[in-house]
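Chemist: Okay, handing you the structure first.
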Amino acid sequence: MVSTTGETRAAATAPNSIRLPGIVLGVGLGGFVDGILLHQLLQWHHMLTSTNHDRIGVKYYNPHTVSGLEMNTVWDGVFHTVCWLSVLLGLALLYSRVTHHRRAVWASRVLWGWILVGWGLFNLVEGVLDHHVLGIHHVHGGPHQAWWDAGFLVLGALLVAGGHLLQRGGRPFDPEAPRRTEGRA
């Protein structure tokens, strides 16, 4: 028999068991959204499109030339590989921590909240590092690039805040607990 204190402790710590997998999944999925939407579909930037004005001395690969686009595409591929590995790692962590009720975890606000937090953290870290510190690319280059970069950071902060609120509003879930059926003790 579990005491009330034990139940409260389990309920308070249960979301933490999927926090890390959710955040790692969110980082990878957020990276894919960035890469697919901004790099490929809109073609606003690639990994090295602003290295002619960067802060670390990376050789400039003009994305408007064939050789420059080839090198930018290679680095976009490296970026997507890191995103893919992040998603695989997040899935492996989730699988290792959730031994029962796996379908319920995918439907939980807690997991999706942590995924949004991870996506927001991706935006914040990538935005600060690549756009501001290194200066290797910007969300949308040109006369208003500072506004686009700031908007990317604001979106990241909103995703972190919204994800945190979403997971807090979710029902505590202990993926390790065996499923209880009604009528059983």
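Order determines the names: the first chain of the structure tokens is A, the second B, and so forth; residues in each chain are numbered 1 upward, and ligands are numbered 1 upward as they are shown.
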What are the closest atom pairs, with distances in Å to one decimal, for each residue of segment 102-175 of chain A lying within 12 Å of segment 78-95 of chain A, using only C-alpha atoms, rows by chain and rising residue number, as a tab-separated table?

Modeler:
residue	atom	partner	partner_atom	distance
A:Arg102	CA	A:Tyr95	CA	8.2
A:Arg103	CA	A:Tyr95	CA	11.3
A:Val105	CA	A:Leu94	CA	9.3
A:Trp106	CA	A:Leu94	CA	10.1
A:Leu111	CA	A:Leu94	CA	9.5
A:Trp114	CA	A:Gly90	CA	11.2
A:Ile115	CA	A:Gly90	CA	9.8
A:Gly118	CA	A:Gly90	CA	10.5
A:Trp119	CA	A:Cys83	CA	11.1
A:Phe122	CA	A:Cys83	CA	10.2
A:Glu126	CA	A:Phe79	CA	11.1
A:Pro175	CA	A:Leu94	CA	9.9

Chemist: Write out as CSV a residue-level contact list of segment 106-128 of chain A versus segment 132-152 of chain A with cut-off 12 Å: for each qualifying residue the closest pair of atoms and the distance in Å to one decimal, counting only C-alpha atoms, rows sorted by chain and residue number upward.

Modeler:
residue,atom,partner,partner_atom,distance
A:Trp119,CA,A:Phe152,CA,11.5
A:Gly120,CA,A:Phe152,CA,9.5
A:Leu121,CA,A:Phe152,CA,11.2
A:Phe122,CA,A:Phe152,CA,10.4
A:Asn123,CA,A:Phe152,CA,6.6
A:Leu124,CA,A:Phe152,CA,7.7
A:Val125,CA,A:His132,CA,10.2
A:Glu126,CA,A:His132,CA,9.2
A:Gly127,CA,A:Phe152,CA,6.7
A:Val128,CA,A:His132,CA,5.1

Chemist: Once you have the residues from the selection above, write them out as a compact mmCIF listing (two decimals), in the first residue's frame, restricted to all heavy atoms.

Modeler:
# COMPACT_ATOMS: atom_id res chain seq x y z
N TRP A 119 12.02 22.98 -28.17
CA TRP A 119 12.01 23.77 -29.41
C TRP A 119 12.37 25.23 -29.10
O TRP A 119 13.19 25.84 -29.78
CB TRP A 119 10.64 23.68 -30.07
CG TRP A 119 10.49 24.40 -31.37
CD1 TRP A 119 11.41 25.18 -32.02
CD2 TRP A 119 9.32 24.42 -32.19
NE1 TRP A 119 10.87 25.68 -33.19
CE2 TRP A 119 9.59 25.22 -33.31
CE3 TRP A 119 8.07 23.83 -32.07
CZ2 TRP A 119 8.64 25.46 -34.31
CZ3 TRP A 119 7.13 24.06 -33.06
CH2 TRP A 119 7.42 24.86 -34.17
N GLY A 120 11.78 25.76 -28.03
CA GLY A 120 12.09 27.14 -27.65
C GLY A 120 13.55 27.30 -27.25
O GLY A 120 14.20 28.29 -27.61
N LEU A 121 14.10 26.31 -26.52
CA LEU A 121 15.51 26.37 -26.15
C LEU A 121 16.39 26.31 -27.39
O LEU A 121 17.42 27.00 -27.47
CB LEU A 121 15.86 25.23 -25.19
CG LEU A 121 15.29 25.38 -23.77
CD1 LEU A 121 15.57 24.12 -22.96
CD2 LEU A 121 15.85 26.62 -23.09
N PHE A 122 16.00 25.49 -28.37
CA PHE A 122 16.74 25.46 -29.63
C PHE A 122 16.79 26.87 -30.23
O PHE A 122 17.84 27.36 -30.61
CB PHE A 122 16.11 24.48 -30.64
CG PHE A 122 16.61 24.72 -32.03
CD1 PHE A 122 17.82 24.20 -32.44
CD2 PHE A 122 15.90 25.52 -32.92
CE1 PHE A 122 18.32 24.46 -33.71
CE2 PHE A 122 16.39 25.79 -34.19
CZ PHE A 122 17.60 25.25 -34.58
N ASN A 123 15.62 27.51 -30.34
CA ASN A 123 15.56 28.85 -30.93
C ASN A 123 16.44 29.84 -30.16
O ASN A 123 17.15 30.64 -30.76
CB ASN A 123 14.12 29.37 -30.96
CG ASN A 123 13.33 28.88 -32.13
OD1 ASN A 123 13.64 27.86 -32.73
ND2 ASN A 123 12.25 29.57 -32.44
N LEU A 124 16.37 29.78 -28.84
CA LEU A 124 17.14 30.73 -28.04
C LEU A 124 18.64 30.51 -28.18
O LEU A 124 19.39 31.46 -28.41
CB LEU A 124 16.71 30.64 -26.57
CG LEU A 124 15.29 31.14 -26.28
CD1 LEU A 124 14.90 30.80 -24.84
CD2 LEU A 124 15.18 32.64 -26.53
N VAL A 125 19.07 29.26 -28.06
CA VAL A 125 20.50 28.97 -28.14
C VAL A 125 21.02 29.23 -29.56
O VAL A 125 22.03 29.91 -29.76
CB VAL A 125 20.81 27.53 -27.68
CG1 VAL A 125 22.25 27.15 -27.97
CG2 VAL A 125 20.50 27.38 -26.19
N GLU A 126 20.32 28.69 -30.56
CA GLU A 126 20.76 28.87 -31.94
C GLU A 126 20.69 30.33 -32.33
O GLU A 126 21.59 30.85 -33.01
CB GLU A 126 19.87 28.02 -32.87
CG GLU A 126 20.45 27.80 -34.26
CD GLU A 126 20.02 28.83 -35.29
OE1 GLU A 126 19.03 29.55 -35.06
OE2 GLU A 126 20.69 28.92 -36.33
N GLY A 127 19.66 31.04 -31.90
CA GLY A 127 19.52 32.45 -32.22
C GLY A 127 20.62 33.29 -31.62
O GLY A 127 21.22 34.13 -32.29
N VAL A 128 20.90 33.09 -30.35
CA VAL A 128 21.95 33.87 -29.71
C VAL A 128 23.32 33.50 -30.29
O VAL A 128 24.11 34.36 -30.66
CB VAL A 128 21.93 33.66 -28.17
CG1 VAL A 128 23.19 34.22 -27.53
CG2 VAL A 128 20.69 34.30 -27.57

Chemist: Please extract the residues of segment 16-94 of chain A with a backbone DSSP assignment of alpha helix (DSSP H) and present them as a PyMOL selection string.

Modeler: chain A and resi 19-33+66-94

Chemist: Dump C-alpha atoms for the selected residues as a CSV table (one decimal), in the first residue's frame?

Modeler:
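File produced: selection_15.csv:
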chain,number,residue,atom,x,y,z
A,19,ARG,CA,11.4,16.1,-19.1
A,20,LEU,CA,14.8,15.3,-20.7
A,21,PRO,CA,13.5,13.1,-23.5
A,22,GLY,CA,10.9,15.8,-24.3
A,23,ILE,CA,13.4,18.6,-24.3
A,24,VAL,CA,15.9,16.6,-26.5
A,25,LEU,CA,13.0,15.7,-28.9
A,26,GLY,CA,12.0,19.4,-29.0
A,27,VAL,CA,15.5,20.5,-29.8
A,28,GLY,CA,15.7,18.1,-32.8
A,29,LEU,CA,12.2,18.8,-34.0
A,30,GLY,CA,12.6,22.6,-33.6
A,31,GLY,CA,15.9,22.3,-35.6
A,32,PHE,CA,14.0,20.4,-38.4
A,33,VAL,CA,11.4,23.2,-38.5
A,66,VAL,CA,26.9,27.2,-57.4
A,67,SER,CA,30.0,26.5,-55.4
A,68,GLY,CA,28.8,28.6,-52.5
A,69,LEU,CA,25.4,27.0,-52.5
A,70,GLU,CA,27.0,23.6,-52.5
A,71,MET,CA,29.1,24.4,-49.4
A,72,ASN,CA,26.1,25.9,-47.6
A,73,THR,CA,24.0,22.8,-48.5
A,74,VAL,CA,26.7,20.6,-47.0
A,75,TRP,CA,26.6,22.6,-43.8
A,76,ASP,CA,22.8,22.5,-43.8
A,77,GLY,CA,23.2,18.7,-44.1
A,78,VAL,CA,25.5,18.7,-41.0
A,79,PHE,CA,22.9,20.7,-39.2
A,80,HIS,CA,20.1,18.3,-40.2
A,81,THR,CA,22.3,15.4,-39.1
A,82,VAL,CA,22.6,16.9,-35.6
A,83,CYS,CA,18.8,17.4,-35.6
A,84,TRP,CA,18.2,13.8,-36.6
A,85,LEU,CA,20.6,12.5,-33.9
A,86,SER,CA,18.8,14.7,-31.4
A,87,VAL,CA,15.4,13.2,-32.3
A,88,LEU,CA,16.8,9.7,-32.2
A,89,LEU,CA,18.4,10.3,-28.8
A,90,GLY,CA,15.2,11.8,-27.5
A,91,LEU,CA,13.2,8.8,-28.7
A,92,ALA,CA,15.7,6.4,-27.1
A,93,LEU,CA,15.6,8.3,-23.8
A,94,LEU,CA,11.8,8.3,-23.9

Chemist: For a quick check of understanding, using only C-alpha atoms, which of A:Val98, A:Ala107, A:Met47, A:Val154 has the smallest distance to Arg171 of chain A?

Modeler: A:Ala107

Chemist: So how far away is atom CA of Asp130 of chain A from atom CA of Leu166 of chain A, in Å?

Modeler: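 Atom-to-atom, atom CA of Leu166 of chain A to atom CA of Asp130 of chain A, that is 28.3 Å.
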